[in-house]
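Pasting structure_37.cif here (mmCIF, C-alpha atoms):
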```
data_run
loop_
_atom_site.group_PDB
_atom_site.id
_atom_site.type_symbol
_atom_site.label_atom_id
_atom_site.label_comp_id
_atom_site.auth_asym_id
_atom_site.auth_seq_id
_atom_site.Cartn_x
_atom_site.Cartn_y
_atom_site.Cartn_z
ATOM 1 C CA MET A 572 33.573 -132.433 -277.245
ATOM 2 C CA SER A 573 34.801 -136.002 -276.874
ATOM 3 C CA GLY A 574 34.729 -138.661 -279.557
ATOM 4 C CA ALA A 575 33.191 -141.070 -277.026
ATOM 5 C CA ARG A 576 29.482 -141.212 -277.799
ATOM 6 C CA TYR A 577 28.669 -144.334 -275.774
ATOM 7 C CA VAL A 578 29.997 -144.441 -272.217
ATOM 8 C CA ALA A 579 29.511 -146.959 -269.417
ATOM 9 C CA ILE A 580 30.542 -146.353 -265.820
ATOM 10 C CA ILE A 581 31.129 -148.725 -262.914
ATOM 11 C CA THR A 582 30.059 -146.348 -260.152
ATOM 12 C CA ASP A 583 32.198 -147.867 -257.412
ATOM 13 C CA GLY A 584 33.027 -146.553 -253.949
ATOM 14 C CA ASN A 585 29.758 -145.329 -252.396
ATOM 15 C CA GLY A 586 30.156 -147.488 -249.303
ATOM 16 C CA ARG A 587 33.784 -146.528 -248.727
ATOM 17 C CA TRP A 588 32.919 -142.853 -249.203
ATOM 18 C CA ALA A 589 30.284 -143.101 -246.454
ATOM 19 C CA THR A 590 32.552 -145.089 -244.111
ATOM 20 C CA GLN A 591 35.361 -142.533 -244.460
ATOM 21 C CA ARG A 592 32.911 -139.865 -243.281
ATOM 22 C CA GLY A 593 31.387 -141.898 -240.473
ATOM 23 C CA LEU A 594 28.043 -142.025 -242.290
ATOM 24 C CA PRO A 595 25.653 -144.944 -242.837
ATOM 25 C CA VAL A 596 26.341 -146.800 -246.088
ATOM 26 C CA LEU A 597 22.974 -145.735 -247.477
ATOM 27 C CA GLU A 598 24.106 -142.091 -247.309
ATOM 28 C CA GLY A 599 26.921 -143.037 -249.673
ATOM 29 C CA HIS A 600 24.416 -144.553 -252.080
ATOM 30 C CA ARG A 601 22.294 -141.395 -251.894
ATOM 31 C CA ALA A 602 25.327 -139.236 -252.641
ATOM 32 C CA GLY A 603 26.228 -141.581 -255.497
ATOM 33 C CA ALA A 604 22.731 -141.302 -256.982
ATOM 34 C CA ASP A 605 23.020 -137.513 -256.912
ATOM 35 C CA VAL A 606 26.319 -137.761 -258.800
ATOM 36 C CA VAL A 607 24.741 -140.025 -261.445
ATOM 37 C CA LYS A 608 22.162 -137.322 -262.159
ATOM 38 C CA ALA A 609 24.790 -134.566 -262.255
ATOM 39 C CA ARG A 610 27.145 -136.490 -264.562
ATOM 40 C CA LEU A 611 24.206 -137.431 -266.804
ATOM 41 C CA ARG A 612 23.601 -133.728 -267.384
ATOM 42 C CA ASP A 613 27.320 -133.238 -268.056
ATOM 43 C CA ALA A 614 27.214 -136.140 -270.506
ATOM 44 C CA VAL A 615 24.611 -134.261 -272.567
ATOM 45 C CA ASP A 616 26.894 -131.193 -272.660
ATOM 46 C CA LEU A 617 29.879 -133.337 -273.630
ATOM 47 C CA GLY A 618 28.166 -135.009 -276.587
ATOM 48 C CA VAL A 619 27.563 -138.442 -275.044
ATOM 49 C CA ARG A 620 24.519 -140.158 -276.564
ATOM 50 C CA GLU A 621 24.220 -143.163 -274.227
ATOM 51 C CA LEU A 622 25.318 -143.443 -270.605
ATOM 52 C CA THR A 623 25.154 -146.777 -268.782
ATOM 53 C CA VAL A 624 25.595 -146.937 -265.008
ATOM 54 C CA TYR A 625 25.991 -150.000 -262.778
ATOM 55 C CA SER A 626 23.296 -149.568 -260.138
ATOM 56 C CA PHE A 627 22.851 -153.014 -258.559
ATOM 57 C CA SER A 628 24.529 -156.246 -259.600
ATOM 58 C CA THR A 629 23.301 -159.823 -259.280
ATOM 59 C CA GLU A 630 26.076 -160.262 -256.671
ATOM 60 C CA ASN A 631 24.841 -157.325 -254.540
ATOM 61 C CA TRP A 632 22.046 -159.461 -253.067
ATOM 62 C CA SER A 633 24.732 -160.943 -250.786
ATOM 63 C CA ARG A 634 25.094 -157.628 -248.915
ATOM 64 C CA SER A 635 23.396 -157.159 -245.548
ATOM 65 C CA PRO A 636 19.578 -157.312 -245.627
ATOM 66 C CA GLU A 637 19.470 -153.765 -244.224
ATOM 67 C CA GLU A 638 21.621 -152.382 -247.041
ATOM 68 C CA VAL A 639 19.706 -154.263 -249.748
ATOM 69 C CA GLU A 640 16.334 -153.190 -248.342
ATOM 70 C CA GLY A 641 17.493 -149.576 -248.075
ATOM 71 C CA LEU A 642 18.810 -149.636 -251.644
ATOM 72 C CA MET A 643 15.540 -151.027 -253.000
ATOM 73 C CA ARG A 644 13.524 -148.404 -251.141
ATOM 74 C CA MET A 645 15.804 -145.602 -252.345
ATOM 75 C CA PHE A 646 15.706 -146.925 -255.903
ATOM 76 C CA GLY A 647 11.902 -146.821 -255.964
ATOM 77 C CA GLN A 648 11.818 -143.344 -254.448
ATOM 78 C CA ARG A 649 14.341 -142.040 -256.980
ATOM 79 C CA ILE A 650 12.346 -143.434 -259.901
ATOM 80 C CA ASP A 651 9.190 -141.754 -258.587
ATOM 81 C CA SER A 652 10.799 -138.372 -257.956
ATOM 82 C CA GLU A 653 13.279 -138.129 -260.837
ATOM 83 C CA THR A 654 11.491 -139.652 -263.823
ATOM 84 C CA PRO A 655 9.308 -136.561 -264.486
ATOM 85 C CA GLU A 656 12.371 -134.322 -264.180
ATOM 86 C CA LEU A 657 14.484 -136.457 -266.523
ATOM 87 C CA HIS A 658 11.570 -136.748 -268.926
ATOM 88 C CA ASP A 659 11.366 -132.949 -269.129
ATOM 89 C CA GLU A 660 15.088 -132.917 -269.954
ATOM 90 C CA GLY A 661 14.662 -135.346 -272.870
ATOM 91 C CA VAL A 662 16.280 -138.351 -271.185
ATOM 92 C CA ARG A 663 15.200 -141.823 -272.268
ATOM 93 C CA MET A 664 15.463 -144.359 -269.429
ATOM 94 C CA ARG A 665 16.085 -148.081 -269.814
ATOM 95 C CA PHE A 666 16.680 -150.653 -267.091
ATOM 96 C CA VAL A 667 18.819 -153.647 -268.006
ATOM 97 C CA GLY A 668 18.996 -156.803 -265.919
ATOM 98 C CA ARG A 669 16.883 -159.666 -264.635
ATOM 99 C CA ARG A 670 13.458 -158.626 -263.386
ATOM 100 C CA GLU A 671 12.586 -162.024 -261.921
ATOM 101 C CA GLY A 672 13.014 -161.913 -258.155
ATOM 102 C CA VAL A 673 12.684 -158.127 -257.980
ATOM 103 C CA ASP A 674 9.736 -156.733 -256.017
ATOM 104 C CA PRO A 675 6.780 -156.455 -258.449
ATOM 105 C CA GLY A 676 6.035 -152.923 -257.250
ATOM 106 C CA LEU A 677 9.569 -151.851 -258.142
ATOM 107 C CA VAL A 678 9.355 -153.554 -261.543
ATOM 108 C CA GLU A 679 6.127 -151.618 -262.133
ATOM 109 C CA LYS A 680 7.915 -148.344 -261.383
ATOM 110 C CA MET A 681 10.737 -149.272 -263.773
ATOM 111 C CA GLU A 682 8.276 -150.078 -266.538
ATOM 112 C CA TRP A 683 6.440 -146.796 -265.895
ATOM 113 C CA ALA A 684 9.690 -144.816 -266.183
ATOM 114 C CA GLU A 685 10.588 -146.604 -269.430
ATOM 115 C CA ALA A 686 7.139 -146.013 -270.939
ATOM 116 C CA THR A 687 7.060 -142.359 -269.851
ATOM 117 C CA THR A 688 10.439 -141.549 -271.427
ATOM 118 C CA ALA A 689 10.342 -143.940 -274.403
ATOM 119 C CA GLU A 690 10.127 -141.255 -277.105
ATOM 120 C CA ASN A 691 12.925 -139.041 -275.749
ATOM 121 C CA THR A 692 16.036 -138.678 -277.888
ATOM 122 C CA ARG A 693 18.427 -136.301 -276.141
ATOM 123 C CA ILE A 694 20.344 -139.052 -274.319
ATOM 124 C CA THR A 695 19.607 -142.602 -273.194
ATOM 125 C CA LEU A 696 20.363 -143.552 -269.593
ATOM 126 C CA PHE A 697 20.750 -147.312 -269.211
ATOM 127 C CA VAL A 698 20.556 -148.368 -265.566
ATOM 128 C CA ALA A 699 22.053 -151.820 -264.950
ATOM 129 C CA PHE A 700 19.870 -153.128 -262.128
ATOM 130 C CA ASN A 701 19.947 -156.723 -260.863
ATOM 131 C CA TYR A 702 22.449 -157.033 -263.673
ATOM 132 C CA GLY A 703 25.294 -159.452 -264.338
ATOM 133 C CA GLY A 704 27.180 -159.775 -267.599
ATOM 134 C CA ARG A 705 27.373 -163.566 -267.442
ATOM 135 C CA ALA A 706 23.673 -163.769 -266.505
ATOM 136 C CA GLU A 707 22.839 -161.656 -269.555
ATOM 137 C CA ILE A 708 24.828 -163.961 -271.837
ATOM 138 C CA LEU A 709 23.277 -167.076 -270.271
ATOM 139 C CA ASP A 710 19.764 -165.647 -270.609
ATOM 140 C CA ALA A 711 20.407 -164.844 -274.274
ATOM 141 C CA ALA A 712 22.039 -168.227 -274.941
ATOM 142 C CA ALA A 713 18.990 -170.062 -273.573
ATOM 143 C CA ARG A 714 16.909 -168.577 -276.420
ATOM 144 C CA TYR A 715 19.587 -168.529 -279.132
ATOM 145 C CA ASP A 716 19.110 -170.746 -282.175
ATOM 146 C CA GLY A 717 22.515 -170.317 -283.804
ATOM 147 C CA GLU A 718 21.787 -167.651 -286.414
ATOM 148 C CA GLY A 719 24.950 -165.566 -285.924
ATOM 149 C CA GLU A 720 26.227 -162.671 -283.826
ATOM 150 C CA GLU A 721 23.504 -160.141 -284.667
ATOM 151 C CA ALA A 722 20.794 -162.677 -283.820
ATOM 152 C CA PHE A 723 22.502 -163.249 -280.473
ATOM 153 C CA ARG A 724 22.747 -159.505 -279.797
ATOM 154 C CA ALA A 725 19.005 -159.205 -280.407
ATOM 155 C CA LEU A 726 18.458 -161.448 -277.361
ATOM 156 C CA LEU A 727 20.434 -159.254 -274.938
ATOM 157 C CA TYR A 728 18.580 -157.175 -272.328
ATOM 158 C CA ALA A 729 18.811 -153.986 -274.423
ATOM 159 C CA PRO A 730 19.580 -154.954 -278.022
ATOM 160 C CA GLU A 731 19.532 -151.296 -279.059
ATOM 161 C CA MET A 732 22.407 -150.425 -276.707
ATOM 162 C CA HIS A 733 25.575 -149.535 -278.606
ATOM 163 C CA ASP A 734 28.811 -151.146 -277.511
ATOM 164 C CA PRO A 735 30.472 -148.652 -275.156
ATOM 165 C CA ASP A 736 33.351 -146.697 -276.650
ATOM 166 C CA LEU A 737 34.599 -146.221 -273.107
ATOM 167 C CA VAL A 738 34.144 -147.989 -269.763
ATOM 168 C CA ILE A 739 35.122 -145.918 -266.710
ATOM 169 C CA ARG A 740 35.591 -147.414 -263.252
ATOM 170 C CA THR A 741 35.987 -145.292 -260.151
ATOM 171 C CA SER A 742 37.547 -146.037 -256.716
ATOM 172 C CA GLY A 743 40.912 -147.312 -257.924
ATOM 173 C CA GLU A 744 39.788 -150.878 -258.661
ATOM 174 C CA GLN A 745 40.913 -152.194 -262.047
ATOM 175 C CA ARG A 746 38.463 -154.866 -263.142
ATOM 176 C CA LEU A 747 35.146 -155.119 -264.993
ATOM 177 C CA SER A 748 33.272 -156.989 -262.234
ATOM 178 C CA ASN A 749 30.927 -158.847 -264.589
ATOM 179 C CA TYR A 750 29.788 -155.645 -266.304
ATOM 180 C CA LEU A 751 28.693 -155.601 -269.968
ATOM 181 C CA MET A 752 30.865 -158.613 -270.795
ATOM 182 C CA TRP A 753 29.467 -158.936 -274.333
ATOM 183 C CA GLN A 754 29.229 -155.226 -275.125
ATOM 184 C CA SER A 755 32.643 -154.158 -273.806
ATOM 185 C CA ALA A 756 34.718 -156.564 -275.920
ATOM 186 C CA TYR A 757 36.460 -153.640 -277.693
ATOM 187 C CA SER A 758 35.826 -150.827 -275.219
ATOM 188 C CA GLU A 759 38.612 -148.608 -273.956
ATOM 189 C CA LEU A 760 39.019 -148.836 -270.179
ATOM 190 C CA VAL A 761 39.823 -145.897 -267.923
ATOM 191 C CA PHE A 762 40.338 -146.371 -264.183
ATOM 192 C CA ARG A 763 39.968 -143.409 -261.846
ATOM 193 C CA GLU A 764 41.077 -143.145 -258.225
ATOM 194 C CA GLU A 765 38.091 -141.083 -257.014
ATOM 195 C CA LEU A 766 35.319 -142.802 -255.103
ATOM 196 C CA TRP A 767 32.117 -142.421 -257.122
ATOM 197 C CA PRO A 768 30.532 -139.622 -255.007
ATOM 198 C CA ASP A 769 33.730 -137.605 -255.607
ATOM 199 C CA PHE A 770 33.613 -138.078 -259.406
ATOM 200 C CA THR A 771 33.255 -134.512 -260.677
ATOM 201 C CA ARG A 772 32.662 -133.054 -264.115
ATOM 202 C CA GLU A 773 36.425 -132.460 -264.288
ATOM 203 C CA SER A 774 37.010 -136.158 -263.551
ATOM 204 C CA PHE A 775 34.577 -137.067 -266.330
ATOM 205 C CA GLU A 776 36.255 -134.709 -268.789
ATOM 206 C CA ALA A 777 39.672 -136.157 -267.884
ATOM 207 C CA ALA A 778 38.451 -139.709 -268.556
ATOM 208 C CA LEU A 779 36.978 -138.653 -271.901
ATOM 209 C CA GLY A 780 40.238 -136.865 -272.708
ATOM 210 C CA GLU A 781 42.191 -140.039 -272.003
ATOM 211 C CA TYR A 782 39.898 -141.903 -274.396
ATOM 212 C CA ASP A 783 40.418 -139.277 -277.102
ATOM 213 C CA ALA A 784 44.209 -139.551 -276.749
ATOM 214 C CA ARG A 785 44.213 -143.243 -277.607
ATOM 215 C CA ARG A 786 44.433 -144.603 -281.140
ATOM 216 C CA ARG A 787 41.855 -147.308 -281.783
ATOM 217 C CA ARG A 788 42.620 -150.111 -284.241
ATOM 218 C CA PHE A 789 40.070 -152.849 -283.413
ATOM 219 C CA GLY A 790 42.613 -155.574 -284.151
ATOM 220 C CA GLY A 791 44.008 -153.881 -287.281
ATOM 221 C CA ARG A 792 47.316 -152.043 -287.722
#
```

Show how you would write the structure in this file as structure tokens.
Amino acid sequence: MSGARYVAIITDGNGRWATQRGLPVLEGHRAGADVVKARLRDAVDLGVRELTVYSFSTENWSRSPEEVEGLMRMFGQRIDSETPELHDEGVRMRFVGRREGVDPGLVEKMEWAEATTAENTRITLFVAFNYGGRAEILDAAARYDGEGEEAFRALLYAPEMHDPDLVIRTSGEQRLSNYLMWQSAYSELVFREELWPDFTRESFEAALGEYDARRRRFGGR
């Protein structure tokens, strides 16, 4: 069992995975959503208490209207079909990001999923949706009155979220892409070559193993 209790993943590579197979991009997103569910179950086995996944960023609105519309439709369908299942498995769901500008019907589904699973304690799944790290900091700063770091944290989208021990990014890219900029200040970073739909349990275990092999000093000696 890994020492990483709080893990965040940049689930990158769905589109490339689909393109390599001659499939529509949305098929890559569907495959990626299936992998999120599978790795969430692995996370429970591996002792992870919070898993955060990057579902849709504030920058993703610039993609083609067809892709964005398909993603929104799939997102709503997944919430409808998977919330009861995840609830039965003791998963608490939380969506982090701006809700302004998101279809009200989809926001209603998100709020329903959060309310349904609110008392679950087995693992928390944070889904970063319409999320940007700088946007989160700006939104908090607009309401901040200068009372210190903990007061600022209380204004973030999910104040109860622990800072990730580990941030994993798939697809070979080596950057944070505006993800959890406040929370990941001291996180370990692991970059994997697999495209997200190819990220297996073995890949997950290898990333956690890399985390465990590092010695963490948090600025000390």

Any chance you could work out the axis-aligned box around range 720-735 of chain A, listed atoms only, 6 Å on each side, giving centre and edge lengths in Å to one decimal, as JSON?
```
{"center_x": 24.5, "center_y": -156.0, "center_z": -278.5, "size_x": 24.0, "size_y": 26.6, "size_z": 24.3}
```

| said: My list of candidates is A:Phe775, A:Trp588, A:Ala712, A:Glu630. Which is closest to Arg610 in chain A when distances are computed with all atoms listed in the file? | reply: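 Among the listed residues, A:Phe775 lies closest to Arg610 in chain A.
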
Problem - Contacts of Ser573 in chain A within 8 Å, all atoms listed in the file, excl. fewer than 6 positions in-chain, as a list in words - result: Leu617, Gly618, Val619, Leu779, Gly780 and Asp783 of chain A

**Asked** For Glu773 in chain A, which residue out of A:Ile581, A:Leu594, A:Ala699, A:Ala609 is the nearest one, using all atoms listed in the file?
**Response**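 Among the listed residues, A:Ala609 lies closest to Glu773 in chain A.
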
*Which residues match the PyMOL selection byres ((chain A and resi 736) around 7) in the file above, as an NGL selection string?*
:A and (575-578 or 734-735 or 737 or 758-759)

Extract, using all atoms listed in the file, all DNA, RNA and protein residues at most 9 Å from Phe700 in chain A, discarding same-chain residues fewer than 4 positions from it, and format them as a PDB file with C-alpha atoms, in the frame of the given file.
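The resulting file, selection-v8.pdb, is reproduced below:
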```
ATOM      1  CA  VAL A 624      25.595-146.937-265.008  1.00  0.00           C
ATOM      2  CA  TYR A 625      25.991-150.000-262.778  1.00  0.00           C
ATOM      3  CA  SER A 626      23.296-149.568-260.138  1.00  0.00           C
ATOM      4  CA  PHE A 627      22.851-153.014-258.559  1.00  0.00           C
ATOM      5  CA  SER A 628      24.529-156.246-259.600  1.00  0.00           C
ATOM      6  CA  THR A 629      23.301-159.823-259.280  1.00  0.00           C
ATOM      7  CA  PHE A 666      16.680-150.653-267.091  1.00  0.00           C
ATOM      8  CA  VAL A 667      18.819-153.647-268.006  1.00  0.00           C
ATOM      9  CA  GLY A 668      18.996-156.803-265.919  1.00  0.00           C
ATOM     10  CA  ARG A 669      16.883-159.666-264.635  1.00  0.00           C
ATOM     11  CA  ARG A 670      13.458-158.626-263.386  1.00  0.00           C
TER      12      ARG A 670
END
```

Which is closer to Ala756 in chain A than all the others in A:Gly584, A:Gly743, A:Gly717, A:Gly704, using all atoms listed in the file?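 So, comparing all the options, the nearest one is A:Gly704.
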
Between A:Asn701, A:Thr590, A:Gln754, A:Ser652, which is the closest to Trp632 in chain A once you count all atoms listed in the file?
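Using all atoms listed in the file, the shortest distance to Trp632 in chain A belongs to A:Asn701.
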
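Note that CA of Ser774 in chain A and CA of Glu744 in chain A are 15.8 Å apart.
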
Residues within 9 Å of range 633-641 of chain A, please, as a ChimeraX atom specification. Count all atoms listed in the file; anything in the same chain fewer than 5 positions from it doesn't count. /A:596-597,646

Taking into account only C-alpha atoms, which residue in the set A:Ala602, A:Ala729, A:Ile694, A:Thr688 is nearest to Arg587 in chain A?
->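 Looking at the shortest contact to Arg587 in chain A, the residue is A:Ala602.
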
re CA of Arg644 in chain A and CA of Arg592 in chain A: distance 22.6 Å

Kindly provide, as a short mmCIF file (atom, residue, chain, number, x, y, z; two decimals) with C-alpha atoms, in the frame of the given file, the polymer residues lying within 12 Å of (7.5, -146.0, -266.2), counting all atoms listed in the file and using the coordinates exactly as they appear in the file.
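This went into selection.cif:
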```cif
data_model
loop_
_atom_site.label_atom_id
_atom_site.label_comp_id
_atom_site.auth_asym_id
_atom_site.auth_seq_id
_atom_site.Cartn_x
_atom_site.Cartn_y
_atom_site.Cartn_z
CA GLY A 647 11.90 -146.82 -255.96
CA ILE A 650 12.35 -143.43 -259.90
CA ASP A 651 9.19 -141.75 -258.59
CA SER A 652 10.80 -138.37 -257.96
CA GLU A 653 13.28 -138.13 -260.84
CA THR A 654 11.49 -139.65 -263.82
CA PRO A 655 9.31 -136.56 -264.49
CA LEU A 657 14.48 -136.46 -266.52
CA HIS A 658 11.57 -136.75 -268.93
CA ARG A 663 15.20 -141.82 -272.27
CA MET A 664 15.46 -144.36 -269.43
CA ARG A 665 16.08 -148.08 -269.81
CA PHE A 666 16.68 -150.65 -267.09
CA GLY A 676 6.04 -152.92 -257.25
CA LEU A 677 9.57 -151.85 -258.14
CA VAL A 678 9.36 -153.55 -261.54
CA GLU A 679 6.13 -151.62 -262.13
CA LYS A 680 7.92 -148.34 -261.38
CA MET A 681 10.74 -149.27 -263.77
CA GLU A 682 8.28 -150.08 -266.54
CA TRP A 683 6.44 -146.80 -265.90
CA ALA A 684 9.69 -144.82 -266.18
CA GLU A 685 10.59 -146.60 -269.43
CA ALA A 686 7.14 -146.01 -270.94
CA THR A 687 7.06 -142.36 -269.85
CA THR A 688 10.44 -141.55 -271.43
CA ALA A 689 10.34 -143.94 -274.40
#
```

How many Å separate CA of Pro768 in chain A from CA of Val606 in chain A?
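Pair CA of Pro768 in chain A / CA of Val606 in chain A returns 6.0 Å.
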
Which one is closest to Arg612 in chain A: A:Asn585, A:Ser742, A:Thr771, A:Asn631? Count all atoms listed in the file.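 Smallest distance to Arg612 in chain A is found for A:Thr771.
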